[in-house]
>>> print(open('input.txt').read())   # compact mmCIF, C-alpha atoms
# COMPACT_ATOMS: atom_id res chain seq x y z
CA MET A 1 19.94 47.87 24.78
CA THR A 2 22.08 50.04 22.58
CA VAL A 3 20.97 51.85 19.48
CA THR A 4 23.86 52.49 17.17
CA PRO A 5 23.23 54.55 14.07
CA TYR A 6 24.08 52.93 10.78
CA PRO A 7 26.37 55.27 8.86
CA PHE A 8 25.91 53.39 5.60
CA ILE A 9 22.19 54.23 5.47
CA PHE A 10 23.02 57.89 5.98
CA ILE A 11 25.68 57.74 3.25
CA GLY A 12 23.35 55.83 0.96
CA SER A 13 20.46 58.25 1.34
CA ILE A 14 22.73 61.23 0.71
CA ALA A 15 24.18 59.47 -2.33
CA VAL A 16 20.69 58.81 -3.73
CA MET A 17 19.72 62.45 -3.19
CA VAL A 18 22.87 63.62 -4.97
CA ILE A 19 22.29 61.21 -7.87
CA GLY A 20 18.73 62.53 -8.23
CA MET A 21 19.91 66.14 -8.17
CA PHE A 22 22.55 65.33 -10.78
CA GLY A 23 19.89 63.82 -13.02
CA LEU A 24 17.64 66.83 -12.48
CA LEU A 25 20.39 69.18 -13.60
CA ARG A 26 21.71 66.96 -16.37
CA HIS A 27 18.55 66.05 -18.27
CA ARG A 28 16.44 68.35 -20.39
CA ASN A 29 13.50 66.03 -20.84
CA PRO A 30 10.71 66.98 -18.37
CA ILE A 31 9.71 63.37 -17.70
CA ARG A 32 13.31 62.45 -17.03
CA MET A 33 13.60 65.48 -14.76
CA LEU A 34 10.51 64.26 -12.90
CA LEU A 35 12.03 60.79 -12.59
CA SER A 36 15.23 62.28 -11.19
CA LEU A 37 13.19 64.33 -8.73
CA GLU A 38 11.46 61.16 -7.57
CA VAL A 39 14.84 59.46 -7.11
CA SER A 40 15.92 62.39 -4.98
CA PHE A 41 12.64 62.21 -3.04
CA ASN A 42 13.30 58.55 -2.21
CA GLY A 43 16.68 59.45 -0.78
CA ALA A 44 15.15 62.27 1.26
CA LEU A 45 12.45 59.94 2.58
CA LEU A 46 15.02 57.40 3.71
CA LEU A 47 17.03 60.15 5.38
CA LEU A 48 13.91 61.42 7.15
CA LEU A 49 13.07 58.01 8.54
CA TYR A 50 16.66 57.30 9.42
CA MET A 51 16.92 60.56 11.36
CA GLY A 52 13.65 59.73 13.13
CA TRP A 53 15.15 56.39 14.03
CA VAL A 54 18.45 57.85 15.23
CA LEU A 55 16.83 60.64 17.23
CA SER A 56 14.40 58.16 18.81
CA SER A 57 11.32 59.94 17.51
CA PRO A 58 9.76 57.31 15.23
CA LEU A 59 6.26 58.78 15.54
CA ALA A 60 7.31 62.10 14.06
CA GLY A 61 9.42 60.41 11.39
CA SER A 62 6.76 57.97 10.27
CA SER A 63 3.93 60.49 10.28
CA MET A 64 5.95 62.94 8.20
CA ALA A 65 6.99 60.13 5.86
CA LEU A 66 3.36 59.10 5.35
CA PHE A 67 2.41 62.69 4.49
CA ALA A 68 5.37 62.95 2.13
CA ILE A 69 4.47 59.71 0.34
CA GLY A 70 0.87 60.87 -0.12
CA VAL A 71 1.82 64.29 -1.43
CA SER A 72 4.52 62.88 -3.71
CA SER A 73 2.13 60.32 -5.20
CA SER A 74 -0.47 62.95 -6.03
CA GLU A 75 2.19 65.29 -7.42
CA LEU A 76 3.59 62.55 -9.65
CA ALA A 77 0.14 61.67 -10.99
CA LEU A 78 -0.65 65.35 -11.60
CA MET A 79 2.58 66.08 -13.43
CA VAL A 80 2.34 63.03 -15.65
CA SER A 81 -1.31 63.70 -16.50
CA ILE A 82 -0.49 67.33 -17.38
CA MET A 83 2.29 66.18 -19.69
CA MET A 84 0.08 63.57 -21.32
CA ALA A 85 -2.64 66.15 -21.88
CA MET A 86 -0.13 68.58 -23.38
CA PHE A 87 0.99 65.87 -25.77
CA LYS A 88 -2.59 65.14 -26.75
CA GLU A 89 -3.33 68.81 -27.32
CA GLY A 90 -0.19 69.18 -29.39
CA TYR A 91 1.41 71.80 -27.19
CA LEU A 92 4.40 69.55 -26.75
CA LYS A 93 5.85 68.41 -30.03
CA THR A 94 9.06 67.46 -28.37
CA LEU A 95 10.20 66.54 -24.91
CA ASP A 96 13.54 68.24 -25.24
CA GLN A 97 13.52 71.55 -23.38
CA GLU A 98 16.18 73.12 -25.59
CA GLU A 99 14.02 72.43 -28.65
CA LEU A 100 11.02 73.82 -26.76
CA LYS A 101 12.93 77.05 -26.13
CA GLU A 102 13.76 77.28 -29.83
CA VAL A 103 10.08 76.80 -30.72
CA GLU A 104 9.12 79.55 -28.25
CA GLU A 105 11.72 81.97 -29.63
CA SER A 106 10.80 81.44 -33.28
CA MET B 107 20.05 36.24 12.46
CA ARG B 108 21.18 39.72 13.43
CA VAL B 109 24.22 39.47 11.17
CA LEU B 110 22.01 38.29 8.33
CA LEU B 111 19.74 41.30 8.79
CA GLU B 112 22.72 43.62 8.86
CA VAL B 113 24.17 42.15 5.68
CA GLY B 114 20.72 42.51 4.11
CA MET B 115 20.68 46.18 5.05
CA TYR B 116 24.14 46.69 3.56
CA ALA B 117 23.10 44.94 0.38
CA SER B 118 19.86 46.95 0.21
CA THR B 119 21.80 50.20 0.52
CA VAL B 120 24.15 49.23 -2.29
CA LEU B 121 21.19 48.15 -4.42
CA LEU B 122 19.45 51.45 -3.62
CA ILE B 123 22.37 53.45 -4.97
CA ALA B 124 22.70 51.21 -8.02
CA PHE B 125 18.98 51.53 -8.86
CA ALA B 126 19.13 55.30 -8.37
CA ALA B 127 22.06 55.56 -10.76
CA LEU B 128 20.35 53.33 -13.30
CA ALA B 129 17.05 55.25 -13.04
CA VAL B 130 18.87 58.50 -13.74
CA SER B 131 21.23 57.31 -16.44
CA HIS B 132 19.41 54.63 -18.45
CA LYS B 133 18.74 55.58 -22.04
CA SER B 134 15.20 54.21 -22.16
CA MET B 135 12.61 56.10 -20.12
CA ILE B 136 10.56 52.96 -19.55
CA TYR B 137 13.51 51.19 -17.99
CA SER B 138 14.25 54.31 -15.95
CA ALA B 139 10.71 54.23 -14.56
CA LEU B 140 11.10 50.50 -13.89
CA PHE B 141 14.31 51.13 -11.97
CA LEU B 142 12.47 53.81 -10.01
CA ALA B 143 9.96 51.14 -8.98
CA PHE B 144 12.80 48.85 -7.87
CA LEU B 145 14.29 51.78 -5.98
CA GLY B 146 10.98 52.24 -4.14
CA LEU B 147 10.86 48.54 -3.26
CA THR B 148 14.43 48.57 -1.94
CA ASN B 149 13.62 51.68 0.05
CA ALA B 150 10.61 49.88 1.53
CA ALA B 151 12.86 46.98 2.54
CA LEU B 152 15.12 49.41 4.39
CA PHE B 153 12.12 51.03 6.09
CA PHE B 154 11.01 47.60 7.22
CA ALA B 155 14.45 46.79 8.55
CA LEU B 156 14.47 50.04 10.53
CA GLY B 157 11.18 49.08 12.13
CA TYR B 158 8.80 51.23 10.09
CA ALA B 159 6.61 48.36 8.89
CA PHE B 160 3.53 50.48 8.20
CA VAL B 161 5.48 53.10 6.24
CA ALA B 162 7.06 50.30 4.22
CA PHE B 163 3.59 48.92 3.49
CA VAL B 164 2.35 52.35 2.36
CA GLN B 165 5.46 52.84 0.27
CA VAL B 166 4.87 49.56 -1.55
CA VAL B 167 1.11 49.91 -1.98
CA VAL B 168 0.67 53.63 -2.60
CA TYR B 169 3.97 54.80 -4.03
CA VAL B 170 5.23 51.83 -6.03
CA GLY B 171 1.92 50.09 -6.60
CA ALA B 172 -0.02 53.11 -7.75
CA SER B 173 2.13 56.11 -8.63
CA VAL B 174 5.19 54.53 -10.20
CA LEU B 175 3.10 51.99 -12.11
CA PHE B 176 1.01 54.89 -13.42
CA LEU B 177 4.23 56.58 -14.48
CA ILE B 178 5.50 53.42 -16.21
CA ILE B 179 2.24 52.96 -18.11
CA SER B 180 2.13 56.63 -19.11
CA VAL B 181 5.74 56.63 -20.29
CA SER B 182 5.18 53.46 -22.27
CA MET B 183 2.34 55.23 -24.12
CA LEU B 184 4.61 58.09 -25.21
CA ARG B 185 6.71 58.11 -28.31
CA GLU B 186 10.17 58.13 -26.89
CA PRO B 187 12.34 60.95 -28.23
CA LYS B 188 15.92 60.46 -29.26
CA GLN B 189 18.06 60.77 -26.22
CA SER B 190 21.40 62.35 -25.93
CA GLY B 191 22.71 59.01 -24.72
CA ILE B 192 24.55 59.17 -21.47
CA SER B 193 26.86 56.22 -21.18
CA TYR B 194 27.79 55.99 -17.56
CA ALA B 195 27.97 52.22 -17.35
CA TYR B 196 31.62 51.95 -16.34
CA PRO B 197 31.79 54.97 -13.98
CA ILE B 198 28.58 53.87 -12.25
CA THR B 199 29.75 50.29 -11.92
CA GLY B 200 33.06 51.54 -10.54
CA ALA B 201 31.36 53.90 -8.10
CA VAL B 202 29.02 51.18 -6.85
CA ALA B 203 31.96 48.78 -6.47
CA VAL B 204 33.96 51.37 -4.49
CA LEU B 205 30.95 52.09 -2.32
CA ALA B 206 30.36 48.39 -1.73
CA LEU B 207 33.99 47.96 -0.72
CA GLY B 208 33.68 50.97 1.61
CA LEU B 209 30.55 49.54 3.20
CA LEU B 210 32.30 46.17 3.56
CA PHE B 211 35.20 47.97 5.23
CA ILE B 212 32.83 49.67 7.67
CA TYR B 213 31.14 46.35 8.30
CA VAL B 214 34.37 44.47 8.98
CA PHE B 215 36.21 47.13 10.96
CA GLY B 216 33.32 49.13 12.37
CA SER B 217 31.91 48.78 15.86
CA ALA B 218 29.39 46.08 16.64
CA VAL B 219 25.87 47.27 15.96
CA GLU B 220 22.56 46.04 17.19
CA ILE B 221 19.34 46.46 15.31
CA VAL B 222 16.62 47.64 17.64
CA PRO B 223 13.49 48.48 15.69
CA HIS B 224 11.20 50.93 17.41
CA VAL B 225 7.81 49.70 18.42
CA ILE B 226 5.43 52.29 16.99
CA SER B 227 1.90 52.59 18.23
CA TYR B 228 -0.09 53.76 15.25
CA SER B 229 -3.17 54.50 17.31
CA LEU B 230 -1.00 56.83 19.39
CA MET B 231 0.36 58.37 16.21
CA ALA B 232 -3.15 58.90 14.85
CA SER B 233 -4.32 60.56 18.07
CA GLU B 234 -1.20 62.77 18.15
CA ILE B 235 -1.72 63.84 14.55
CA LEU B 236 -5.41 64.50 15.07
CA SER B 237 -4.86 66.49 18.24
CA LYS B 238 -1.80 68.52 17.19
CA GLY B 239 -1.89 68.65 13.42
CA SER B 240 -5.55 68.81 12.45
CA THR B 241 -5.05 71.97 10.36
CA ALA B 242 -2.25 70.31 8.44
CA ILE B 243 -4.50 67.34 7.72
CA TYR B 244 -7.28 69.59 6.40
CA VAL B 245 -4.81 71.40 4.17
CA LEU B 246 -3.40 68.08 2.96
CA PHE B 247 -6.84 66.72 2.14
CA LEU B 248 -7.69 69.91 0.28
CA LEU B 249 -4.44 69.73 -1.69
CA LEU B 250 -4.96 66.08 -2.56
CA ALA B 251 -8.55 66.70 -3.63
CA LEU B 252 -7.42 69.68 -5.69
CA GLY B 253 -4.72 67.55 -7.30
CA LEU B 254 -7.21 64.83 -8.15
CA ILE B 255 -9.74 67.28 -9.63
CA THR B 256 -7.02 69.03 -11.65
CA SER B 257 -5.72 65.71 -13.00
CA VAL B 258 -9.17 64.61 -14.09
CA THR B 259 -9.95 68.02 -15.60
CA VAL B 260 -6.70 68.17 -17.53
CA SER B 261 -7.13 64.62 -18.79
CA LEU B 262 -10.73 65.28 -19.90
CA LYS B 263 -9.66 68.45 -21.67
CA GLY B 264 -7.17 66.41 -23.66
CA GLU B 265 -9.88 63.88 -24.43
CA LYS B 266 -12.32 66.40 -25.99
CA LYS B 267 -10.06 67.25 -28.89
>>> encode(input="input.txt", output="structure tokens")
Amino acid sequence: MTVTPYPFIFIGSIAVMVIGMFGLLRHRNPIRMLLSLEVSFNGALLLLLYMGWVLSSPLAGSSMALFAIGVSSSELALMVSIMMAMFKEGYLKTLDQEELKEVEES
Amino acid sequence: MRVLLEVGMYASTVLLIAFAALAVSHKSMIYSALFLAFLGLTNAALFFALGYAFVAFVQVVVYVGASVLFLIISVSMLREPKQSGISYAYPITGAVAVLALGLLFIYVFGSAVEIVPHVISYSLMASEILSKGSTAIYVLFLLLALGLITSVTVSLKGEKK
């Protein structure tokens, strides 16, 4: 019985993390930034489970992954509800952060 | 069968990268959120292939089924602002094609691999977590409860006006 690591999963998870980070830095819209962060989180989760698989510690990998999924779900719901409430209250007239900065400065 | 599973894993990895790129670069936020859901599903398929069946189930039910759907519905309720359109269609397609060719190269010329999913005892995992990480679980429950209360409070505050 041989366990050979799959390099393409490692490469893929790193690529997804990098794409998410790129989106986080590139976009100025907070919801898009949140989406990019979630993309990056998915890559990190895959990397975590893959490393657990490679290092033959699936218990640690899966338990940490379950915690991470739970925390990420609650964080996503919280962030989106805060943004929706800010829209309702009228604090956010725009979603563009550059325009928000201009509003704050004026 | 083993080869089929391997090819499925290769294809899932390529799809994962493609969905990530689309979720980040698509002009419409609703489609971006939809691609994020597809990304979560592809991720769950990879978890399943690695032997993490329960994590894949949680990923599909909790993450994609609840959180990302909530995000999609919320985004669809917003008035979408004008985007500074990022047109990455050709570079992304090229990158995915190059990556697919690279993965095919690894598959053809790489060493023979054997998929051996780990057999995970979840009762053992639960007892390990409860015995060694009880404080972390309390903190996690507190954080989740706090998050839930804050979400409801913030939403109700928006409702009053």
>>> residues_around(input="input.txt", residues="Leu37 (chain A)", least_positions_apart="4", cutoff="10 Å", atoms="all atoms listed in the file", output="compact mmCIF listing (two decimals) with C-alpha atoms, keeping the file's coordinate frame")
# COMPACT_ATOMS: atom_id res chain seq x y z
CA MET A 17 19.72 62.45 -3.19
CA ILE A 19 22.29 61.21 -7.87
CA GLY A 20 18.73 62.53 -8.23
CA MET A 21 19.91 66.14 -8.17
CA PHE A 22 22.55 65.33 -10.78
CA GLY A 23 19.89 63.82 -13.02
CA LEU A 24 17.64 66.83 -12.48
CA LEU A 25 20.39 69.18 -13.60
CA ILE A 31 9.71 63.37 -17.70
CA ARG A 32 13.31 62.45 -17.03
CA MET A 33 13.60 65.48 -14.76
CA PHE A 41 12.64 62.21 -3.04
CA ASN A 42 13.30 58.55 -2.21
CA GLY A 43 16.68 59.45 -0.78
CA LEU A 76 3.59 62.55 -9.65
CA VAL B 130 18.87 58.50 -13.74
>>> residues_around(input="input.txt", residues="Ala129 (chain B)", least_positions_apart="5", cutoff="12 Å", atoms="only C-alpha atoms", output="PDB file with C-alpha atoms, keeping the file's coordinate frame")
ATOM      1  CA  VAL A  16      20.690  58.810  -3.730  1.00  0.00           C
ATOM      2  CA  ILE A  19      22.290  61.210  -7.870  1.00  0.00           C
ATOM      3  CA  GLY A  20      18.730  62.530  -8.230  1.00  0.00           C
ATOM      4  CA  PHE A  22      22.550  65.330 -10.780  1.00  0.00           C
ATOM      5  CA  GLY A  23      19.890  63.820 -13.020  1.00  0.00           C
ATOM      6  CA  LEU A  24      17.640  66.830 -12.480  1.00  0.00           C
ATOM      7  CA  ILE A  31       9.710  63.370 -17.700  1.00  0.00           C
ATOM      8  CA  ARG A  32      13.310  62.450 -17.030  1.00  0.00           C
ATOM      9  CA  MET A  33      13.600  65.480 -14.760  1.00  0.00           C
ATOM     10  CA  LEU A  34      10.510  64.260 -12.900  1.00  0.00           C
ATOM     11  CA  LEU A  35      12.030  60.790 -12.590  1.00  0.00           C
ATOM     12  CA  SER A  36      15.230  62.280 -11.190  1.00  0.00           C
ATOM     13  CA  LEU A  37      13.190  64.330  -8.730  1.00  0.00           C
ATOM     14  CA  GLU A  38      11.460  61.160  -7.570  1.00  0.00           C
ATOM     15  CA  VAL A  39      14.840  59.460  -7.110  1.00  0.00           C
ATOM     16  CA  SER A  40      15.920  62.390  -4.980  1.00  0.00           C
ATOM     17  CA  ASN A  42      13.300  58.550  -2.210  1.00  0.00           C
TER      18      ASN A  42
ATOM     19  CA  LEU B 121      21.190  48.150  -4.420  1.00  0.00           C
ATOM     20  CA  LEU B 122      19.450  51.450  -3.620  1.00  0.00           C
ATOM     21  CA  ILE B 123      22.370  53.450  -4.970  1.00  0.00           C
ATOM     22  CA  ALA B 124      22.700  51.210  -8.020  1.00  0.00           C
ATOM     23  CA  SER B 134      15.200  54.210 -22.160  1.00  0.00           C
ATOM     24  CA  MET B 135      12.610  56.100 -20.120  1.00  0.00           C
ATOM     25  CA  ILE B 136      10.560  52.960 -19.550  1.00  0.00           C
ATOM     26  CA  TYR B 137      13.510  51.190 -17.990  1.00  0.00           C
ATOM     27  CA  SER B 138      14.250  54.310 -15.950  1.00  0.00           C
ATOM     28  CA  ALA B 139      10.710  54.230 -14.560  1.00  0.00           C
ATOM     29  CA  LEU B 140      11.100  50.500 -13.890  1.00  0.00           C
ATOM     30  CA  PHE B 141      14.310  51.130 -11.970  1.00  0.00           C
ATOM     31  CA  LEU B 142      12.470  53.810 -10.010  1.00  0.00           C
ATOM     32  CA  ALA B 143       9.960  51.140  -8.980  1.00  0.00           C
ATOM     33  CA  PHE B 144      12.800  48.850  -7.870  1.00  0.00           C
ATOM     34  CA  LEU B 145      14.290  51.780  -5.980  1.00  0.00           C
ATOM     35  CA  GLY B 146      10.980  52.240  -4.140  1.00  0.00           C
ATOM     36  CA  ILE B 192      24.550  59.170 -21.470  1.00  0.00           C
ATOM     37  CA  TYR B 194      27.790  55.990 -17.560  1.00  0.00           C
ATOM     38  CA  ILE B 198      28.580  53.870 -12.250  1.00  0.00           C
TER      39      ILE B 198
END
>>> interface_residues(input="input.txt", of="chain A", to="chain B", cutoff="6 Å", atoms="all atoms listed in the file", output="PyMOL selection string")
chain A and resi 4+12+16+23+36+59+73+78+81+85+88-89
>>> axis_aligned_box(input="input.txt", around="region 247-259 of chain B", padding_each_side="3 Å", output="lines of an AutoDock Vina configuration file")
center_x = -7.2
center_y = 67.3
center_z = -6.7
size_x = 11.5
size_y = 11.3
size_z = 23.7
>>> atom_distance(input="input.txt", atom1="CA of Ala60 (chain A)", atom2="CA of Val113 (chain B)")
27.4 Å
>>> atom_distance(input="input.txt", atom1="CA of Leu55 (chain A)", atom2="CA of Lys238 (chain B)")
20.2 Å
>>> atom_distance(input="input.txt", atom1="CA of Leu49 (chain A)", atom2="CA of Gly61 (chain A)")
5.2 Å
